[in-house]
$ cat query.txt   # compact mmCIF, C-alpha atoms
# COMPACT_ATOMS: atom_id res chain seq x y z
CA MET A 1 101.32 103.80 95.28
CA LEU A 2 99.88 106.65 93.36
CA SER A 3 97.02 105.84 91.03
CA ILE A 4 99.22 106.65 88.06
CA SER A 5 101.57 103.78 88.96
CA HIS A 6 98.72 101.32 89.39
CA THR A 7 96.76 102.40 86.32
CA LEU A 8 99.74 102.44 83.99
CA THR A 9 100.76 99.00 85.22
CA GLY A 10 97.24 97.68 84.67
CA ALA A 11 97.00 99.25 81.23
CA PHE A 12 100.44 97.91 80.30
CA ILE A 13 99.54 94.36 81.33
CA ALA A 14 96.26 94.57 79.42
CA SER A 15 98.12 95.82 76.35
CA LYS A 16 100.42 92.80 76.38
CA LEU A 17 98.04 89.97 77.25
CA PRO A 18 95.39 88.89 74.76
CA HIS A 19 92.47 87.93 76.97
CA PRO A 20 90.72 89.37 80.04
CA ALA A 21 90.97 86.00 81.79
CA LEU A 22 94.72 86.57 81.79
CA TYR A 23 95.11 90.30 82.32
CA ILE A 24 92.38 90.91 84.89
CA PRO A 25 93.74 88.65 87.67
CA LEU A 26 97.33 89.64 86.91
CA THR A 27 96.45 93.33 86.99
CA LEU A 28 94.71 92.92 90.33
CA ALA A 29 97.63 90.92 91.76
CA THR A 30 100.16 93.54 90.69
CA HIS A 31 98.30 96.15 92.74
CA TYR A 32 99.22 94.25 95.90
CA LEU A 33 102.77 93.66 94.69
CA GLU A 34 103.25 97.37 93.99
CA ASP A 35 101.78 98.32 97.37
CA TRP A 36 104.25 95.95 99.04
CA ILE A 37 107.08 98.19 97.79
CA PRO A 38 107.65 101.07 100.23
CA HIS A 39 105.99 104.07 98.62
CA TRP A 40 104.41 107.47 99.12
CA ASP A 41 100.85 108.17 98.03
CA VAL A 42 98.13 110.76 98.58
CA GLY A 43 96.72 108.78 101.51
CA THR A 44 100.00 108.79 103.42
CA GLY A 45 99.29 110.48 106.73
CA LEU A 46 95.50 109.97 106.74
CA SER A 47 95.49 107.31 109.44
CA ASN A 48 97.62 109.31 111.88
CA GLY A 49 95.95 112.67 111.20
CA LYS A 50 98.96 114.27 109.51
CA ARG A 51 96.98 114.71 106.30
CA LYS A 52 93.46 116.08 106.14
CA ILE A 53 90.79 114.11 104.30
CA LYS A 54 89.94 117.06 102.07
CA THR A 55 93.58 117.45 101.02
CA ALA A 56 93.95 113.73 100.29
CA PHE A 57 90.70 113.74 98.31
CA LEU A 58 91.77 116.69 96.16
CA LEU A 59 95.21 115.15 95.58
CA GLU A 60 93.54 111.89 94.57
CA ILE A 61 91.34 113.67 92.02
CA VAL A 62 94.48 115.20 90.50
CA ASP A 63 96.23 111.81 90.60
CA LEU A 64 93.32 110.17 88.77
CA ALA A 65 93.19 112.96 86.17
CA VAL A 66 96.93 112.58 85.51
CA SER A 67 96.45 108.80 85.28
CA ILE A 68 93.70 109.12 82.68
CA THR A 69 95.76 111.61 80.69
CA ALA A 70 98.86 109.39 80.78
CA ILE A 71 96.92 106.33 79.65
CA TYR A 72 95.45 108.33 76.80
CA PHE A 73 98.87 109.55 75.62
CA PHE A 74 100.62 106.21 76.16
CA TRP A 75 98.09 104.02 74.31
CA GLN A 76 94.98 105.78 73.09
CA ALA A 77 96.25 108.83 71.17
CA GLY A 78 96.26 108.14 67.48
CA ALA A 79 94.28 104.91 67.81
CA ASN A 80 91.33 104.55 65.45
CA GLU A 81 89.09 103.11 68.12
CA ILE A 82 88.83 102.97 71.89
CA GLN A 83 91.21 100.44 73.39
CA TYR A 84 88.71 99.06 75.90
CA HIS A 85 91.08 96.43 77.27
CA ILE A 86 93.58 99.15 78.24
CA TRP A 87 90.93 101.07 80.22
CA ILE A 88 89.60 97.88 81.83
CA GLY A 89 93.11 96.94 82.96
CA ALA A 90 93.62 100.41 84.41
CA PHE A 91 90.28 100.30 86.25
CA ILE A 92 90.86 96.80 87.66
CA SER A 93 94.26 97.91 88.94
CA LEU A 94 92.56 100.42 91.24
CA ILE A 95 89.88 98.18 92.76
CA PRO A 96 91.69 97.61 96.10
CA ASP A 97 91.99 101.38 96.54
CA PHE A 98 88.36 101.96 95.54
CA LEU A 99 87.31 99.46 98.21
CA GLU A 100 89.26 101.42 100.83
CA ALA A 101 87.78 104.78 99.81
CA PRO A 102 84.72 104.67 102.13
CA ARG A 103 86.97 103.96 105.11
CA ASN A 104 89.60 106.53 104.20
CA PHE A 105 87.37 109.39 103.10
CA LEU A 106 84.06 108.80 104.87
CA LYS A 107 85.33 107.03 108.01
CA TRP A 108 82.81 104.28 107.22
CA GLU A 109 83.70 100.67 106.51
CA PRO A 110 80.92 98.22 105.68
CA PHE A 111 81.41 94.83 107.32
CA PHE A 112 81.87 93.06 103.96
CA LEU A 113 84.82 95.31 103.06
CA LYS A 114 86.73 94.79 106.32
CA PRO A 115 88.39 91.50 105.30
CA LEU A 116 89.30 92.84 101.86
CA ASN A 117 90.75 96.03 103.32
CA LYS A 118 92.62 94.06 105.96
CA PHE A 119 94.13 91.89 103.21
CA HIS A 120 95.13 95.04 101.33
CA GLY A 121 96.63 96.47 104.51
CA TRP A 122 98.96 93.48 104.86
CA PHE A 123 100.64 94.52 101.61
CA HIS A 124 100.52 98.28 102.00
CA HIS A 125 103.82 99.92 102.98
CA SER A 126 103.67 103.71 102.96
CA VAL A 127 106.63 105.94 103.76
CA THR A 128 106.53 109.62 104.60
CA ASN A 129 109.73 110.44 102.73
CA LYS A 130 108.50 111.60 99.31
CA VAL A 131 111.80 111.09 97.51
CA LEU A 132 112.16 107.52 98.78
CA GLY A 133 108.46 106.86 98.21
CA LEU A 134 108.20 108.32 94.71
CA THR A 135 111.43 106.86 93.32
CA PRO A 136 110.09 103.33 92.63
CA GLN A 137 107.00 104.86 91.04
CA VAL A 138 109.01 107.09 88.70
CA ILE A 139 111.08 104.05 87.72
CA ALA A 140 107.92 102.01 87.06
CA VAL A 141 106.34 104.73 84.91
CA GLY A 142 109.60 105.16 82.98
CA LEU A 143 109.91 101.43 82.33
CA ILE A 144 106.29 101.23 81.18
CA TRP A 145 106.90 104.15 78.82
CA LEU A 146 109.95 102.41 77.34
CA LEU A 147 108.35 98.95 77.09
CA ARG A 148 104.91 99.89 75.89
$ encode --input "query.txt" --output "structure tokens"
Amino acid sequence: MLSISHTLTGAFIASKLPHPALYIPLTLATHYLEDWIPHWDVGTGLSNGKRKIKTAFLLEIVDLAVSITAIYFFWQAGANEIQYHIWIGAFISLIPDFLEAPRNFLKWEPFFLKPLNKFHGWFHHSVTNKVLGLTPQVIAVGLIWLLR
């Protein structure tokens, strides 16, 4: 999934649940659930060489910038104070992808990350068809916009 799907889901969960003990584990769990859905993301094609690391990295920077902007406009704009729980939920939702970043972008995987990345890989279902892979993400973002 794109970071925007994960971060908006994490922020949404954090906006609805009152305590970090509830929203942090649920936000992390939904990352794996979302990755289980066939999807397209900026890393699609990295493992088979069809996408260059530099291209994926630049696309990921754009994806993260769009994610931050969307979170701001969905929840933070007009608020009198920083909604820390929203940002924490968004950050937690990306942890599995952050843990894969050294392997994907540096071709380096510390031994302690291998089991975590393998676990993440069991759930990850990328597709190369952008329309098929982006459709569930557009639906998720739309639902979050309506339900927020």
$ closest_residue --input "query.txt" --among "A:Leu46, A:Ala77, A:Leu17, A:Ile144" --to "Ser126 of chain A" --atoms "all atoms listed in the file"
A:Leu46
$ atom_distance --input "query.txt" --atom1 "atom CA of Ile88 of chain A" --atom2 "atom CA of Ile71 of chain A"
11.4 Å
$ atom_distance --input "query.txt" --atom1 "atom CA of Asn104 of chain A" --atom2 "atom CA of Met1 of chain A"
15.0 Å
$ atom_distance --input "query.txt" --atom1 "atom CA of Trp145 of chain A" --atom2 "atom CA of Thr7 of chain A"
12.7 Å
$ closest_residue --input "query.txt" --among "A:Asp35, A:Glu109, A:Glu81, A:Asp63" --to "Gly121 of chain A" --atoms "all atoms listed in the file"
A:Asp35
$ axis_aligned_box --input "query.txt" --around "segment 132-146 of chain A" --padding-each-side "6 Å" --output "lines of an AutoDock Vina configuration file"
center_x = 109.2
center_y = 104.8
center_z = 88.1
size_x = 17.9
size_y = 19.1
size_z = 33.4
$ residues_around --input "query.txt" --residues "Trp75 of chain A" --least-positions-apart "4" --cutoff "10 Å" --atoms "only C-alpha atoms" --output "list of chain:residue names"
A:Leu8, A:Ala11, A:Phe12, A:Ser15, A:Ala70, A:Ile71, A:Ala79, A:Ile82, A:Gln83, A:Ile86, A:Trp87, A:Trp145, A:Arg148
$ closest_residue --input "query.txt" --among "A:Leu134, A:Val141, A:Tyr84, A:Asn117" --to "Tyr32 of chain A" --atoms "all atoms listed in the file"
A:Asn117
$ residues_around --input "query.txt" --residues "segment 3-6 of chain A" --least-positions-apart "2" --cutoff "6 Å" --atoms "all atoms listed in the file" --output "PyMOL selection string"
chain A and resi 8-9+67+93+137
$ residues_around --input "query.txt" --residues "Pro20 of chain A" --least-positions-apart "5" --cutoff "9 Å" --atoms "only C-alpha atoms" --output "ChimeraX atom specification"
/A:14,25,85,88-89
$ closest_residue --input "query.txt" --among "A:Leu146, A:Val62, A:Ile13, A:Ile53" --to "Ala101 of chain A" --atoms "only C-alpha atoms"
A:Ile53
$ closest_residue --input "query.txt" --among "A:Gly78, A:Gly49, A:Gly133, A:Pro96" --to "Lys118 of chain A" --atoms "all atoms listed in the file"
A:Pro96
$ closest_residue --input "query.txt" --among "A:Leu143, A:Ala29, A:Val42, A:Ala21" --to "Thr55 of chain A" --atoms "only C-alpha atoms"
A:Val42
$ residues_around --input "query.txt" --residues "Trp36 of chain A" --least-positions-apart "2" --cutoff "10 Å" --atoms "all atoms listed in the file" --output "list in words"
Met1, Thr30, His31, Tyr32, Leu33, Glu34, Pro38, His39, His120, Gly121, Trp122, Phe123, His124, His125 and Ser126 of chain A
$ decode --input "query.txt" --residues "segment 24-59 of chain A" --atoms "N, CA and C atoms" --output "PDB file, in the first residue's frame"
ATOM      1  N   ILE A  24      -2.524   2.147  19.209  1.00  0.00           N
ATOM      2  CA  ILE A  24      -1.210   1.764  18.690  1.00  0.00           C
ATOM      3  C   ILE A  24      -1.193   0.329  18.168  1.00  0.00           C
ATOM      4  N   PRO A  25      -1.620  -0.670  18.950  1.00  0.00           N
ATOM      5  CA  PRO A  25      -1.589  -2.031  18.389  1.00  0.00           C
ATOM      6  C   PRO A  25      -2.556  -2.220  17.216  1.00  0.00           C
ATOM      7  N   LEU A  26      -3.701  -1.564  17.267  1.00  0.00           N
ATOM      8  CA  LEU A  26      -4.662  -1.698  16.175  1.00  0.00           C
ATOM      9  C   LEU A  26      -4.124  -1.053  14.892  1.00  0.00           C
ATOM     10  N   THR A  27      -3.485   0.082  15.037  1.00  0.00           N
ATOM     11  CA  THR A  27      -2.892   0.760  13.887  1.00  0.00           C
ATOM     12  C   THR A  27      -1.807  -0.101  13.252  1.00  0.00           C
ATOM     13  N   LEU A  28      -0.973  -0.697  14.077  1.00  0.00           N
ATOM     14  CA  LEU A  28       0.083  -1.566  13.560  1.00  0.00           C
ATOM     15  C   LEU A  28      -0.518  -2.793  12.872  1.00  0.00           C
ATOM     16  N   ALA A  29      -1.532  -3.379  13.478  1.00  0.00           N
ATOM     17  CA  ALA A  29      -2.177  -4.567  12.890  1.00  0.00           C
ATOM     18  C   ALA A  29      -2.836  -4.246  11.552  1.00  0.00           C
ATOM     19  N   THR A  30      -3.417  -3.064  11.427  1.00  0.00           N
ATOM     20  CA  THR A  30      -4.088  -2.736  10.165  1.00  0.00           C
ATOM     21  C   THR A  30      -3.085  -2.563   9.020  1.00  0.00           C
ATOM     22  N   HIS A  31      -1.829  -2.247   9.341  1.00  0.00           N
ATOM     23  CA  HIS A  31      -0.824  -2.185   8.277  1.00  0.00           C
ATOM     24  C   HIS A  31      -0.742  -3.540   7.569  1.00  0.00           C
ATOM     25  N   TYR A  32      -0.662  -4.601   8.345  1.00  0.00           N
ATOM     26  CA  TYR A  32      -0.558  -5.943   7.767  1.00  0.00           C
ATOM     27  C   TYR A  32      -1.838  -6.326   7.033  1.00  0.00           C
ATOM     28  N   LEU A  33      -2.972  -5.959   7.587  1.00  0.00           N
ATOM     29  CA  LEU A  33      -4.245  -6.248   6.930  1.00  0.00           C
ATOM     30  C   LEU A  33      -4.335  -5.524   5.587  1.00  0.00           C
ATOM     31  N   GLU A  34      -3.935  -4.266   5.553  1.00  0.00           N
ATOM     32  CA  GLU A  34      -3.978  -3.518   4.298  1.00  0.00           C
ATOM     33  C   GLU A  34      -2.991  -4.089   3.278  1.00  0.00           C
ATOM     34  N   ASP A  35      -1.822  -4.508   3.738  1.00  0.00           N
ATOM     35  CA  ASP A  35      -0.841  -5.092   2.813  1.00  0.00           C
ATOM     36  C   ASP A  35      -1.289  -6.446   2.287  1.00  0.00           C
ATOM     37  N   TRP A  36      -2.174  -7.109   2.982  1.00  0.00           N
ATOM     38  CA  TRP A  36      -2.711  -8.392   2.535  1.00  0.00           C
ATOM     39  C   TRP A  36      -3.605  -8.215   1.307  1.00  0.00           C
ATOM     40  N   ILE A  37      -4.224  -7.044   1.180  1.00  0.00           N
ATOM     41  CA  ILE A  37      -5.061  -6.735   0.022  1.00  0.00           C
ATOM     42  C   ILE A  37      -4.139  -6.495  -1.175  1.00  0.00           C
ATOM     43  N   PRO A  38      -4.397  -7.135  -2.314  1.00  0.00           N
ATOM     44  CA  PRO A  38      -3.549  -6.874  -3.483  1.00  0.00           C
ATOM     45  C   PRO A  38      -3.518  -5.373  -3.796  1.00  0.00           C
ATOM     46  N   HIS A  39      -2.309  -4.852  -3.947  1.00  0.00           N
ATOM     47  CA  HIS A  39      -2.151  -3.411  -4.098  1.00  0.00           C
ATOM     48  C   HIS A  39      -0.904  -3.077  -4.906  1.00  0.00           C
ATOM     49  N   TRP A  40      -0.853  -1.835  -5.346  1.00  0.00           N
ATOM     50  CA  TRP A  40       0.335  -1.291  -6.003  1.00  0.00           C
ATOM     51  C   TRP A  40       0.933  -0.266  -5.055  1.00  0.00           C
ATOM     52  N   ASP A  41       2.260  -0.232  -4.992  1.00  0.00           N
ATOM     53  CA  ASP A  41       2.932   0.800  -4.210  1.00  0.00           C
ATOM     54  C   ASP A  41       4.241   1.178  -4.887  1.00  0.00           C
ATOM     55  N   VAL A  42       4.938   2.147  -4.312  1.00  0.00           N
ATOM     56  CA  VAL A  42       6.152   2.653  -4.964  1.00  0.00           C
ATOM     57  C   VAL A  42       7.271   1.626  -4.983  1.00  0.00           C
ATOM     58  N   GLY A  43       7.206   0.620  -4.143  1.00  0.00           N
ATOM     59  CA  GLY A  43       8.223  -0.425  -4.126  1.00  0.00           C
ATOM     60  C   GLY A  43       7.956  -1.562  -5.093  1.00  0.00           C
ATOM     61  N   THR A  44       6.773  -1.559  -5.717  1.00  0.00           N
ATOM     62  CA  THR A  44       6.451  -2.616  -6.671  1.00  0.00           C
ATOM     63  C   THR A  44       7.473  -2.604  -7.809  1.00  0.00           C
ATOM     64  N   GLY A  45       8.130  -3.730  -7.995  1.00  0.00           N
ATOM     65  CA  GLY A  45       9.126  -3.856  -9.043  1.00  0.00           C
ATOM     66  C   GLY A  45      10.561  -3.750  -8.550  1.00  0.00           C
ATOM     67  N   LEU A  46      10.756  -3.393  -7.273  1.00  0.00           N
ATOM     68  CA  LEU A  46      12.127  -3.292  -6.747  1.00  0.00           C
ATOM     69  C   LEU A  46      12.812  -4.650  -6.693  1.00  0.00           C
ATOM     70  N   SER A  47      12.106  -5.651  -6.227  1.00  0.00           N
ATOM     71  CA  SER A  47      12.736  -6.957  -6.023  1.00  0.00           C
ATOM     72  C   SER A  47      13.119  -7.653  -7.324  1.00  0.00           C
ATOM     73  N   ASN A  48      12.398  -7.365  -8.406  1.00  0.00           N
ATOM     74  CA  ASN A  48      12.725  -8.021  -9.678  1.00  0.00           C
ATOM     75  C   ASN A  48      13.492  -7.104 -10.633  1.00  0.00           C
ATOM     76  N   GLY A  49      13.879  -5.928 -10.164  1.00  0.00           N
ATOM     77  CA  GLY A  49      14.682  -5.022 -10.971  1.00  0.00           C
ATOM     78  C   GLY A  49      13.910  -4.190 -11.980  1.00  0.00           C
ATOM     79  N   LYS A  50      12.580  -4.252 -11.959  1.00  0.00           N
ATOM     80  CA  LYS A  50      11.790  -3.472 -12.912  1.00  0.00           C
ATOM     81  C   LYS A  50      11.641  -2.012 -12.478  1.00  0.00           C
ATOM     82  N   ARG A  51      11.985  -1.724 -11.247  1.00  0.00           N
ATOM     83  CA  ARG A  51      11.976  -0.344 -10.761  1.00  0.00           C
ATOM     84  C   ARG A  51      13.321  -0.063 -10.132  1.00  0.00           C
ATOM     85  N   LYS A  52      13.884   1.072 -10.453  1.00  0.00           N
ATOM     86  CA  LYS A  52      15.180   1.460  -9.903  1.00  0.00           C
ATOM     87  C   LYS A  52      14.997   1.995  -8.488  1.00  0.00           C
ATOM     88  N   ILE A  53      15.994   1.779  -7.662  1.00  0.00           N
ATOM     89  CA  ILE A  53      15.951   2.223  -6.264  1.00  0.00           C
ATOM     90  C   ILE A  53      15.757   3.731  -6.192  1.00  0.00           C
ATOM     91  N   LYS A  54      16.464   4.473  -7.014  1.00  0.00           N
ATOM     92  CA  LYS A  54      16.362   5.930  -6.985  1.00  0.00           C
ATOM     93  C   LYS A  54      14.935   6.383  -7.302  1.00  0.00           C
ATOM     94  N   THR A  55      14.315   5.755  -8.282  1.00  0.00           N
ATOM     95  CA  THR A  55      12.938   6.100  -8.645  1.00  0.00           C
ATOM     96  C   THR A  55      11.979   5.792  -7.496  1.00  0.00           C
ATOM     97  N   ALA A  56      12.123   4.607  -6.909  1.00  0.00           N
ATOM     98  CA  ALA A  56      11.260   4.230  -5.784  1.00  0.00           C
ATOM     99  C   ALA A  56      11.453   5.177  -4.607  1.00  0.00           C
ATOM    100  N   PHE A  57      12.699   5.561  -4.337  1.00  0.00           N
ATOM    101  CA  PHE A  57      12.984   6.470  -3.231  1.00  0.00           C
ATOM    102  C   PHE A  57      12.317   7.832  -3.466  1.00  0.00           C
ATOM    103  N   LEU A  58      12.452   8.366  -4.660  1.00  0.00           N
ATOM    104  CA  LEU A  58      11.839   9.663  -4.960  1.00  0.00           C
ATOM    105  C   LEU A  58      10.310   9.593  -4.897  1.00  0.00           C
ATOM    106  N   LEU A  59       9.750   8.506  -5.413  1.00  0.00           N
ATOM    107  CA  LEU A  59       8.299   8.319  -5.326  1.00  0.00           C
ATOM    108  C   LEU A  59       7.847   8.209  -3.871  1.00  0.00           C
TER     109      LEU A  59
END
